[in-house]
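Below is the file upload23.cif, which contains mmCIF, C-alpha atoms and all ligand atoms.
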data_coords
#
loop_
_atom_site.group_PDB
_atom_site.id
_atom_site.type_symbol
_atom_site.label_atom_id
_atom_site.label_comp_id
_atom_site.auth_asym_id
_atom_site.auth_seq_id
_atom_site.Cartn_x
_atom_site.Cartn_y
_atom_site.Cartn_z
ATOM 1 C CA MET G 1 0.000 0.000 0.000
ATOM 2 C CA LEU G 2 2.893 2.337 0.772
ATOM 3 C CA ARG G 3 4.385 1.724 -2.683
ATOM 4 C CA ARG G 4 1.020 2.446 -4.307
ATOM 5 C CA LEU G 5 0.693 5.591 -2.213
ATOM 6 C CA LEU G 6 4.088 6.825 -3.416
ATOM 7 C CA LEU G 7 2.824 6.701 -6.998
ATOM 8 C CA LYS G 8 -0.633 8.067 -6.241
ATOM 9 C CA ASN G 9 -0.110 10.691 -3.540
ATOM 10 C CA ARG G 10 3.484 11.738 -2.835
ATOM 11 C CA PRO G 11 2.696 14.355 -0.124
ATOM 12 C CA GLU G 12 0.728 11.783 1.883
ATOM 13 C CA PHE G 13 3.491 9.223 1.395
ATOM 14 C CA VAL G 14 5.950 11.707 2.887
ATOM 15 C CA ASP G 15 3.548 12.551 5.722
ATOM 16 C CA ARG G 16 3.267 8.887 6.647
ATOM 17 C CA LEU G 17 7.046 8.476 6.656
ATOM 18 C CA ILE G 18 7.420 11.529 8.889
ATOM 19 C CA ASN G 19 4.743 10.156 11.215
ATOM 20 C CA PHE G 20 6.607 6.878 11.430
ATOM 21 C CA ALA G 21 9.982 8.538 12.029
ATOM 22 C CA ASP G 22 8.484 10.800 14.688
ATOM 23 C CA PHE G 23 7.007 7.762 16.419
ATOM 24 C CA GLN G 24 10.355 5.918 16.340
ATOM 25 C CA ARG G 25 12.260 8.947 17.668
ATOM 26 C CA GLU G 26 9.877 9.076 20.606
ATOM 27 C CA ARG G 27 11.755 6.201 22.268
ATOM 28 C CA LEU G 28 14.758 8.480 22.734
ATOM 29 C CA ARG G 29 12.798 11.158 24.542
ATOM 30 C CA ARG G 30 12.540 11.580 28.294
ATOM 31 C CA LYS G 31 9.580 9.768 29.807
ATOM 32 C CA SER G 32 6.688 11.559 31.464
ATOM 33 C CA ALA G 33 7.079 12.448 35.141
ATOM 34 C CA LEU G 34 3.398 13.281 35.501
ATOM 35 C CA VAL G 35 1.613 12.284 38.709
ATOM 36 C CA PRO G 36 -2.026 11.595 37.769
ATOM 37 C CA LEU G 37 -4.824 12.183 40.267
ATOM 38 C CA SER G 38 -7.136 9.350 41.295
ATOM 39 C CA GLN G 39 -10.410 9.466 39.345
ATOM 40 C CA PRO G 40 -12.471 10.727 42.355
ATOM 41 C CA ASP G 41 -9.911 13.522 42.984
ATOM 42 C CA PHE G 42 -9.815 14.380 39.280
ATOM 43 C CA TYR G 43 -13.610 14.718 39.055
ATOM 44 C CA ARG G 44 -13.714 16.667 42.330
ATOM 45 C CA LYS G 45 -11.133 19.098 40.953
ATOM 46 C CA LEU G 46 -13.004 19.331 37.672
ATOM 47 C CA GLY G 47 -16.212 20.170 39.542
ATOM 48 C CA GLU G 48 -14.441 22.868 41.595
ATOM 49 C CA THR G 49 -12.709 24.327 38.549
ATOM 50 C CA PHE G 50 -15.911 24.564 36.508
ATOM 51 C CA LYS G 51 -18.210 25.143 39.479
ATOM 52 C CA THR G 52 -20.405 22.352 38.149
ATOM 53 C CA ASP G 53 -21.804 19.078 39.364
ATOM 54 C CA VAL G 54 -19.933 16.842 36.876
ATOM 55 C CA ASP G 55 -21.571 13.702 38.345
ATOM 56 C CA ARG G 56 -24.982 15.034 37.342
ATOM 57 C CA LEU G 57 -23.816 15.461 33.736
ATOM 58 C CA LEU G 58 -22.462 11.916 33.744
ATOM 59 C CA GLN G 59 -25.935 10.663 34.703
ATOM 60 C CA GLU G 60 -27.680 12.276 31.717
ATOM 61 C CA SER G 61 -29.898 10.028 29.598
ATOM 62 C CA ARG G 62 -28.359 11.475 26.399
ATOM 63 C CA LEU G 63 -25.009 10.114 27.569
ATOM 64 C CA ARG G 64 -26.473 6.659 28.097
ATOM 65 C CA GLU G 65 -28.083 6.857 24.632
ATOM 66 C CA ILE G 66 -24.783 7.532 22.874
ATOM 67 C CA GLU G 67 -23.032 4.825 24.894
ATOM 68 C CA HIS G 68 -25.590 2.319 23.630
ATOM 69 C CA ALA G 69 -25.414 3.599 20.050
ATOM 70 C CA VAL G 70 -21.611 3.380 19.995
ATOM 71 C CA GLU G 71 -21.615 -0.085 21.548
ATOM 72 C CA HIS G 72 -24.171 -1.234 18.983
ATOM 73 C CA GLY G 73 -21.980 0.197 16.186
ATOM 74 C CA ARG G 74 -18.920 -1.602 17.580
ATOM 75 C CA GLN G 75 -20.749 -4.919 17.477
ATOM 76 C CA ARG G 76 -21.640 -4.302 13.813
ATOM 77 C CA LEU G 77 -18.060 -3.300 13.042
ATOM 78 C CA LYS G 78 -16.318 -6.165 14.813
ATOM 79 C CA ALA G 79 -16.366 -8.662 11.961
ATOM 80 C CA ASN G 80 -15.214 -6.308 9.215
ATOM 81 C CA ALA G 81 -13.151 -3.521 10.796
ATOM 82 C CA ALA G 82 -10.612 -2.260 8.265
ATOM 83 C CA PHE G 83 -8.244 -1.284 11.101
ATOM 84 C CA GLY G 84 -7.879 -2.267 14.737
ATOM 85 C CA ILE G 85 -10.618 -1.417 17.205
ATOM 86 C CA PHE G 86 -7.757 -0.886 19.709
ATOM 87 C CA HIS G 87 -7.515 2.662 18.313
ATOM 88 C CA ALA G 88 -10.810 3.494 20.027
ATOM 89 C CA ALA G 89 -10.897 5.806 23.033
ATOM 90 C CA ASP G 90 -11.475 4.303 26.456
ATOM 91 C CA PRO G 91 -15.082 4.780 27.699
ATOM 92 C CA SER G 92 -13.880 7.065 30.515
ATOM 93 C CA MET G 93 -12.241 9.350 27.944
ATOM 94 C CA ALA G 94 -15.422 9.390 25.855
ATOM 95 C CA ARG G 95 -17.533 10.260 28.903
ATOM 96 C CA LEU G 96 -15.123 13.052 29.835
ATOM 97 C CA CYS G 97 -15.507 14.490 26.316
ATOM 98 C CA TYR G 98 -19.274 14.509 26.776
ATOM 99 C CA ALA G 99 -19.177 16.071 30.251
ATOM 100 C CA LEU G 100 -16.702 18.830 29.335
ATOM 101 C CA CYS G 101 -18.613 19.696 26.221
ATOM 102 C CA ARG G 102 -21.792 19.987 28.291
ATOM 103 C CA VAL G 103 -20.012 22.184 30.839
ATOM 104 C CA GLN G 104 -18.349 24.467 28.314
ATOM 105 C CA LYS G 105 -21.230 24.784 25.832
ATOM 106 C CA PRO G 106 -18.649 25.480 23.094
ATOM 107 C CA ARG G 107 -19.541 27.043 19.787
ATOM 108 C CA MET G 108 -16.450 25.620 18.095
ATOM 109 C CA VAL G 109 -14.660 22.366 18.911
ATOM 110 C CA ILE G 110 -11.696 20.778 17.141
ATOM 111 C CA GLU G 111 -10.540 17.207 17.630
ATOM 112 C CA THR G 112 -7.548 15.459 16.098
ATOM 113 C CA GLY G 113 -7.666 11.667 15.723
ATOM 114 C CA VAL G 114 -11.035 10.163 14.794
ATOM 115 C CA ALA G 115 -10.464 6.468 13.912
ATOM 116 C CA HIS G 116 -13.919 4.830 14.132
ATOM 117 C CA GLY G 117 -15.239 7.901 15.931
ATOM 118 C CA VAL G 118 -15.871 7.163 19.612
ATOM 119 C CA THR G 119 -14.882 10.601 20.950
ATOM 120 C CA THR G 120 -16.453 12.217 17.870
ATOM 121 C CA ALA G 121 -19.816 10.614 18.644
ATOM 122 C CA PHE G 122 -19.737 11.669 22.323
ATOM 123 C CA LEU G 123 -18.729 15.243 21.502
ATOM 124 C CA LEU G 124 -21.471 15.524 18.886
ATOM 125 C CA GLN G 125 -24.058 14.109 21.278
ATOM 126 C CA ALA G 126 -23.126 16.766 23.845
ATOM 127 C CA LEU G 127 -23.347 19.506 21.198
ATOM 128 C CA ALA G 128 -26.777 18.214 20.202
ATOM 129 C CA GLU G 129 -27.899 18.294 23.843
ATOM 130 C CA ASN G 130 -26.476 21.832 24.174
ATOM 131 C CA GLY G 131 -28.402 22.831 21.049
ATOM 132 C CA GLN G 132 -25.399 24.699 19.663
ATOM 133 C CA GLY G 133 -21.873 24.229 18.371
ATOM 134 C CA GLU G 134 -19.881 22.613 15.582
ATOM 135 C CA LEU G 135 -17.136 20.012 15.584
ATOM 136 C CA TRP G 136 -14.182 19.941 13.206
ATOM 137 C CA SER G 137 -12.271 16.656 13.200
ATOM 138 C CA ILE G 138 -8.943 15.831 11.536
ATOM 139 C CA ASP G 139 -7.713 12.328 10.836
ATOM 140 C CA LEU G 140 -5.063 10.638 8.745
ATOM 141 C CA PRO G 141 -6.576 7.138 8.659
ATOM 142 C CA PRO G 142 -4.456 4.055 9.301
ATOM 143 C CA LEU G 143 -2.984 2.649 6.083
ATOM 144 C CA ALA G 144 -5.366 -0.245 5.392
ATOM 145 C CA GLU G 145 -7.748 -1.241 2.619
ATOM 146 C CA GLY G 146 -11.147 0.412 3.212
ATOM 147 C CA ALA G 147 -9.886 2.484 6.172
ATOM 148 C CA ASP G 148 -11.020 5.839 4.774
ATOM 149 C CA ASP G 149 -14.626 4.675 4.554
ATOM 150 C CA GLN G 150 -14.625 3.628 8.195
ATOM 151 C CA VAL G 151 -13.358 6.862 9.721
ATOM 152 C CA GLY G 152 -16.198 8.019 11.981
ATOM 153 C CA PHE G 153 -18.164 4.798 11.375
ATOM 154 C CA LEU G 154 -19.596 4.933 14.912
ATOM 155 C CA VAL G 155 -21.041 8.443 14.542
ATOM 156 C CA PRO G 156 -24.849 8.162 14.273
ATOM 157 C CA THR G 157 -26.283 9.739 11.115
ATOM 158 C CA GLU G 158 -28.568 12.088 13.041
ATOM 159 C CA LEU G 159 -25.539 13.726 14.735
ATOM 160 C CA ARG G 160 -23.604 14.456 11.552
ATOM 161 C CA SER G 161 -25.116 17.844 10.665
ATOM 162 C CA ARG G 162 -22.781 19.611 13.137
ATOM 163 C CA TRP G 163 -19.714 17.697 11.959
ATOM 164 C CA HIS G 164 -16.901 18.564 9.511
ATOM 165 C CA LEU G 165 -14.236 15.932 8.815
ATOM 166 C CA LEU G 166 -10.864 16.841 7.297
ATOM 167 C CA ARG G 167 -8.433 14.209 6.089
ATOM 168 C CA GLY G 168 -4.662 14.493 6.537
ATOM 169 C CA ARG G 169 -1.737 14.817 8.926
ATOM 170 C CA THR G 170 -2.446 17.436 11.588
ATOM 171 C CA HIS G 171 0.863 19.204 10.863
ATOM 172 C CA ARG G 172 -0.541 19.990 7.461
ATOM 173 C CA VAL G 173 -4.246 20.476 8.175
ATOM 174 C CA LEU G 174 -4.581 21.929 11.691
ATOM 175 C CA PRO G 175 -2.813 25.303 11.194
ATOM 176 C CA GLU G 176 -4.943 26.119 8.164
ATOM 177 C CA LEU G 177 -8.149 25.113 9.936
ATOM 178 C CA VAL G 178 -7.299 27.139 13.046
ATOM 179 C CA ASN G 179 -6.489 30.180 10.885
ATOM 180 C CA SER G 180 -9.860 29.952 9.203
ATOM 181 C CA LEU G 181 -11.797 30.044 12.508
ATOM 182 C CA SER G 182 -12.275 33.140 14.642
ATOM 183 C CA SER G 183 -12.151 31.176 17.896
ATOM 184 C CA VAL G 184 -11.867 27.606 19.193
ATOM 185 C CA ASP G 185 -13.552 27.001 22.560
ATOM 186 C CA MET G 186 -12.466 23.420 23.097
ATOM 187 C CA PHE G 187 -9.716 21.243 21.631
ATOM 188 C CA LEU G 188 -9.234 17.490 21.893
ATOM 189 C CA HIS G 189 -5.924 15.866 20.995
ATOM 190 C CA ASP G 190 -6.160 12.167 20.135
ATOM 191 C CA SER G 191 -3.996 11.768 17.014
ATOM 192 C CA LEU G 192 -0.282 10.929 17.067
ATOM 193 C CA HIS G 193 0.887 10.980 20.684
ATOM 194 C CA THR G 194 4.484 12.105 20.157
ATOM 195 C CA PHE G 195 6.092 14.996 22.043
ATOM 196 C CA ARG G 196 6.595 16.930 18.821
ATOM 197 C CA ASN G 197 3.073 16.420 17.494
ATOM 198 C CA VAL G 198 1.219 17.021 20.755
ATOM 199 C CA LEU G 199 3.134 20.233 21.430
ATOM 200 C CA MET G 200 2.604 21.424 17.848
ATOM 201 C CA GLU G 201 -1.160 20.858 18.139
ATOM 202 C CA PHE G 202 -1.451 22.579 21.536
ATOM 203 C CA GLN G 203 0.641 25.548 20.412
ATOM 204 C CA THR G 204 -1.297 25.913 17.172
ATOM 205 C CA VAL G 205 -4.671 26.040 18.817
ATOM 206 C CA TRP G 206 -3.750 28.017 21.971
ATOM 207 C CA PRO G 207 -3.873 31.538 20.454
ATOM 208 C CA LYS G 208 -7.431 30.918 19.267
ATOM 209 C CA LEU G 209 -8.657 29.648 22.644
ATOM 210 C CA PRO G 210 -10.502 32.378 24.555
ATOM 211 C CA GLY G 211 -9.948 32.854 28.298
ATOM 212 C CA GLY G 212 -11.682 29.868 29.935
ATOM 213 C CA GLY G 213 -11.062 27.758 26.805
ATOM 214 C CA LEU G 214 -10.139 24.138 27.255
ATOM 215 C CA ILE G 215 -7.711 21.531 25.949
ATOM 216 C CA LEU G 216 -8.418 17.877 26.551
ATOM 217 C CA SER G 217 -5.863 15.224 25.695
ATOM 218 C CA ASP G 218 -5.641 11.455 25.596
ATOM 219 C CA ASP G 219 -2.477 9.541 26.567
ATOM 220 C CA VAL G 220 -0.735 12.476 28.257
ATOM 221 C CA ASP G 221 1.636 10.041 30.004
ATOM 222 C CA MET G 222 3.351 9.023 26.770
ATOM 223 C CA ASN G 223 5.816 11.932 26.810
ATOM 224 C CA ARG G 224 6.405 15.323 28.469
ATOM 225 C CA ALA G 225 4.379 17.495 26.087
ATOM 226 C CA PHE G 226 1.379 17.876 28.427
ATOM 227 C CA GLU G 227 3.577 18.695 31.453
ATOM 228 C CA THR G 228 5.688 21.129 29.463
ATOM 229 C CA PHE G 229 2.667 22.905 28.068
ATOM 230 C CA GLY G 230 0.899 22.994 31.439
ATOM 231 C CA ARG G 231 3.681 25.215 32.829
ATOM 232 C CA ARG G 232 3.299 27.947 30.207
ATOM 233 C CA PRO G 233 1.928 31.378 31.144
ATOM 234 C CA GLY G 234 -1.822 31.739 30.754
ATOM 235 C CA VAL G 235 -2.612 28.226 32.010
ATOM 236 C CA ALA G 236 -5.110 28.399 34.887
ATOM 237 C CA ALA G 237 -5.123 24.669 35.654
ATOM 238 C CA SER G 238 -3.746 21.440 34.281
ATOM 239 C CA PHE G 239 -4.397 18.010 35.758
ATOM 240 C CA ALA G 240 -4.743 14.399 34.715
ATOM 241 C CA THR G 241 -6.103 11.030 35.775
ATOM 242 C CA PHE G 242 -5.907 7.347 34.882
ATOM 243 C CA GLN G 243 -8.488 6.128 32.417
ATOM 244 C CA GLY G 244 -10.848 3.279 33.246
ATOM 245 C CA ASN G 245 -8.492 0.795 31.605
ATOM 246 C CA GLY G 246 -5.843 1.909 34.120
ATOM 247 C CA SER G 247 -3.111 1.848 31.512
ATOM 248 C CA SER G 248 -3.292 5.355 30.053
ATOM 249 C CA VAL G 249 -3.830 8.855 31.333
ATOM 250 C CA MET G 250 -6.111 11.673 30.144
ATOM 251 C CA GLY G 251 -5.623 15.315 31.011
ATOM 252 C CA VAL G 252 -7.166 18.768 30.782
ATOM 253 C CA VAL G 253 -5.607 22.204 30.431
ATOM 254 C CA LEU G 254 -7.719 25.269 31.181
ATOM 255 C CA LYS G 255 -6.781 28.715 29.878
ATOM 256 C CA SER G 256 -6.934 31.581 32.412
ATOM 257 C CA ARG G 257 -10.049 33.698 32.111
ATOM 258 C CA ASP G 258 -7.912 36.847 31.978
ATOM 259 C CA ALA G 259 -5.449 35.384 29.438
ATOM 260 C CA GLY G 260 -7.730 36.002 26.420
ATOM 261 C CA SER G 261 -6.786 35.068 22.878
ATOM 262 C CA ALA G 262 -3.222 35.147 21.571
ATOM 263 C CA THR G 263 -1.663 34.882 25.065
HETATM 264 C C1 LIG X 1 -6.091 6.919 18.977
HETATM 265 S S1 LIG X 1 -6.847 6.973 17.414
HETATM 266 C C2 LIG X 1 -8.209 8.073 17.682
HETATM 267 C C3 LIG X 1 -9.272 7.475 18.508
HETATM 268 C C4 LIG X 1 -10.563 8.245 18.481
HETATM 269 N N1 LIG X 1 -10.442 9.557 19.073
HETATM 270 C C5 LIG X 1 -11.659 7.460 19.151
HETATM 271 O O1 LIG X 1 -12.329 8.016 20.019
HETATM 272 O O2 LIG X 1 -11.872 6.302 18.833
HETATM 273 C C6 LIG X 1 -5.718 7.952 16.508
HETATM 274 C C7 LIG X 1 -6.169 8.309 15.095
HETATM 275 O O3 LIG X 1 -5.316 9.361 14.625
HETATM 276 C C8 LIG X 1 -4.827 9.051 13.334
HETATM 277 N N2 LIG X 1 -3.523 9.711 13.181
HETATM 278 C C9 LIG X 1 -2.290 9.244 13.500
HETATM 279 N N3 LIG X 1 -1.351 10.161 13.243
HETATM 280 C C10 LIG X 1 -2.006 11.255 12.776
HETATM 281 C C11 LIG X 1 -1.589 12.529 12.358
HETATM 282 N N4 LIG X 1 -0.302 12.891 12.379
HETATM 283 N N5 LIG X 1 -2.523 13.403 11.929
HETATM 284 C C12 LIG X 1 -3.844 13.068 11.913
HETATM 285 N N6 LIG X 1 -4.297 11.861 12.306
HETATM 286 C C13 LIG X 1 -3.404 10.967 12.739
HETATM 287 C C14 LIG X 1 -4.763 7.518 13.348
HETATM 288 O O4 LIG X 1 -4.726 6.983 12.069
HETATM 289 C C15 LIG X 1 -6.056 7.177 14.104
HETATM 290 O O5 LIG X 1 -7.150 7.156 13.235
#
Show the structure stored in the file as structure tokens.
Ligand SMILES: C[S@@+](CC[C@H](N)C(=O)[O-])C[C@H]1O[C@@H](n2cnc3c(N)ncnc32)[C@H](O)[C@@H]1O
Amino acid sequence: MLRRLLLKNRPEFVDRLINFADFQRERLRRKSALVPLSQPDFYRKLGETFKTDVDRLLQESRLREIEHAVEHGRQRLKANAAFGIFHAADPSMARLCYALCRVQKPRMVIETGVAHGVTTAFLLQALAENGQGELWSIDLPPLAEGADDQVGFLVPTELRSRWHLLRGRTHRVLPELVNSLSSVDMFLHDSLHTFRNVLMEFQTVWPKLPGGGLILSDDVDMNRAFETFGRRPGVAASFATFQGNGSSVMGVVLKSRDAGSAT
């Protein structure tokens, strides 16, 4: 497939090589020194930070509905998935996406890394419940026969009117997208979890986040990007917790209310 890609689409061929090299180089980087909070402490801190009862949001019937819809879609997908279901976000990450989107009531959300679309579906369900907002998603699908057609497979048809999907490596696509939008209220990173890529994505989106804007990230324990970024000026809070699977860590970064755009 790579050889075919070289003949058909040279820029994407190069992007995939760079992705691969970046991933390999990651082994040489310093490991994360992050100390995640326990889940109860994380949700307590989230509630204090947003002055909201997060537990109440996690009890919403719309959340249960999307959990069932996604699970149903996964069962249908199982037999003929073009790429591994292991790409999918952990349920605790998906629920956090829903809750934060309900708290923030964002008008504009960007996510990087769609795969079959677990986080996409939960974000869109929260936007639907809010009655406002759009989601832009960026994904360079895994290199596999039929993979393109399955990106966002789990997103129910009735949620797609608020959704825009862009294809490509985030290095190439994200800066242009961010430039075209006046503001981005919430950003989710779930694409390539390398130090270089995570930092690039955070830095690209940060100037367009208003004060109170939010970054959410999966797998923040894979390198030091999240910790490094969390220490920059204009960050009001940054904390993380283990996901339900216990093996990876998700984190949030909140921009100071008085930081405003371009800080
Ligand atoms: C962890 S999966 C995303 C999981 C998804 N958020 C979910 O909820 O199921 C990562 C996705 O990002 C894509 N990807 C990897 N590197 C990328 C890059 N540099 N730019 C854009 N997408 C990338 C992968 O092909 C894959 O589809």
With the file shown as input, list the residues that the PyMOL selection byres (((chain G and resi 107) around 8) and not hetatm) selects, as a PDB file with C-alpha atoms, in the coordinates of the input.
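File out_10.pdb, as written:
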ATOM      1  CA  LYS G 105     -21.230  24.784  25.832  1.00  0.00           C
ATOM      2  CA  PRO G 106     -18.649  25.480  23.094  1.00  0.00           C
ATOM      3  CA  MET G 108     -16.450  25.620  18.095  1.00  0.00           C
ATOM      4  CA  VAL G 109     -14.660  22.366  18.911  1.00  0.00           C
ATOM      5  CA  GLN G 132     -25.399  24.699  19.663  1.00  0.00           C
ATOM      6  CA  GLY G 133     -21.873  24.229  18.371  1.00  0.00           C
ATOM      7  CA  GLU G 134     -19.881  22.613  15.582  1.00  0.00           C
ATOM      8  CA  VAL G 184     -11.867  27.606  19.193  1.00  0.00           C
ATOM      9  CA  ASP G 185     -13.552  27.001  22.560  1.00  0.00           C
TER      10      ASP G 185
END
Exercise. Using only C-alpha atoms and all ligand atoms, which of G:Leu143, G:Leu37, G:Ile110, G:Val103 sits nearest ligand LIG 1 (chain X)?
Worked result: G:Leu143
Exercise. Exactly which residues make up the result of the PyMOL selection byres (((chain G and resi 96) around 12) and not hetatm) on this file, given as number ranges by chain?
Worked result: G: 39, 42-43, 46, 54-55, 57-58, 63, 89-95, 97-104, 118-119, 122-123, 126, 188, 215-218, 240-244, 250-252
Exercise. Evaluating the PyMOL selection byres (((chain G and resi 148) around 12) and not hetatm) on the displayed file yields which residues, as JSON, numbers by chain?
Worked result: {"G": [81, 82, 83, 114, 115, 116, 139, 140, 141, 142, 143, 144, 145, 146, 147, 149, 150, 151, 152, 153, 165, 166, 167, 168]}
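Candidate residues G:Lys208, G:Arg257, G:Arg172, G:Arg162 were compared for distance to ligand LIG 1 (chain X), and the nearest is G:Arg172, using all atoms listed in the file.
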Exercise. Pick from G:Ala236, G:Leu192, G:Leu34, G:Val155: nearest to Gly213 of chain G, with only C-alpha atoms counted?
Worked result: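 Closest to Gly213 of chain G, using only C-alpha atoms: G:Ala236.
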For this session: Report the distance between atom CA of Leu77 of chain G and atom S1 of ligand LIG 1 (chain X) in Å, rounded to one decimal place.
Result: 15.8 Å
Residues proximal to (11.8, 10.6, 25.1) were defined as those with any atom within 10 Å of that point in the file's coordinates, counting all atoms listed in the file. Which are they, as a CSV table (one decimal) with C-alpha atoms, in the coordinates of the input?
chain,number,residue,atom,x,y,z
G,25,ARG,CA,12.3,8.9,17.7
G,26,GLU,CA,9.9,9.1,20.6
G,27,ARG,CA,11.8,6.2,22.3
G,28,LEU,CA,14.8,8.5,22.7
G,29,ARG,CA,12.8,11.2,24.5
G,30,ARG,CA,12.5,11.6,28.3
G,31,LYS,CA,9.6,9.8,29.8
G,32,SER,CA,6.7,11.6,31.5
G,194,THR,CA,4.5,12.1,20.2
G,195,PHE,CA,6.1,15.0,22.0
G,222,MET,CA,3.4,9.0,26.8
G,223,ASN,CA,5.8,11.9,26.8
G,224,ARG,CA,6.4,15.3,28.5
Please, could all heavy atoms be added to segment 209-216 of chain G and the result written as a tab-separated table (two decimals), in the frame of the given file?
chain	number	residue	atom	x	y	z
G	209	LEU	N	-7.80	29.98	21.49
G	209	LEU	CA	-8.66	29.65	22.64
G	209	LEU	C	-8.94	30.92	23.41
G	209	LEU	O	-8.01	31.65	23.78
G	209	LEU	CB	-7.94	28.69	23.60
G	209	LEU	CG	-7.90	27.18	23.34
G	209	LEU	CD1	-7.26	26.50	24.55
G	209	LEU	CD2	-9.27	26.59	23.07
G	210	PRO	N	-10.21	31.21	23.71
G	210	PRO	CA	-10.50	32.38	24.56
G	210	PRO	C	-10.15	32.08	26.01
G	210	PRO	O	-9.92	30.91	26.35
G	210	PRO	CB	-12.02	32.52	24.38
G	210	PRO	CG	-12.50	31.16	24.05
G	210	PRO	CD	-11.38	30.45	23.32
G	211	GLY	N	-10.12	33.09	26.87
G	211	GLY	CA	-9.95	32.85	28.30
G	211	GLY	C	-11.04	31.90	28.75
G	211	GLY	O	-12.20	32.06	28.38
G	212	GLY	N	-10.70	30.88	29.52
G	212	GLY	CA	-11.68	29.87	29.94
G	212	GLY	C	-11.77	28.71	28.95
G	212	GLY	O	-12.46	27.74	29.21
G	213	GLY	N	-11.07	28.83	27.81
G	213	GLY	CA	-11.06	27.76	26.80
G	213	GLY	C	-10.32	26.53	27.33
G	213	GLY	O	-9.54	26.61	28.30
G	214	LEU	N	-10.54	25.42	26.68
G	214	LEU	CA	-10.14	24.14	27.26
G	214	LEU	C	-9.42	23.25	26.24
G	214	LEU	O	-9.84	23.14	25.09
G	214	LEU	CB	-11.44	23.45	27.68
G	214	LEU	CG	-11.35	22.16	28.42
G	214	LEU	CD1	-10.86	22.43	29.83
G	214	LEU	CD2	-12.73	21.52	28.48
G	215	ILE	N	-8.35	22.60	26.72
G	215	ILE	CA	-7.71	21.53	25.95
G	215	ILE	C	-7.90	20.23	26.71
G	215	ILE	O	-7.70	20.18	27.93
G	215	ILE	CB	-6.20	21.80	25.75
G	215	ILE	CG1	-5.97	22.99	24.83
G	215	ILE	CG2	-5.50	20.56	25.19
G	215	ILE	CD1	-4.51	23.34	24.61
G	216	LEU	N	-8.27	19.21	25.98
G	216	LEU	CA	-8.42	17.88	26.55
G	216	LEU	C	-7.50	16.96	25.75
G	216	LEU	O	-7.42	17.10	24.52
G	216	LEU	CB	-9.89	17.47	26.41
G	216	LEU	CG	-10.31	16.04	26.68
G	216	LEU	CD1	-9.97	15.64	28.10
G	216	LEU	CD2	-11.83	15.92	26.46
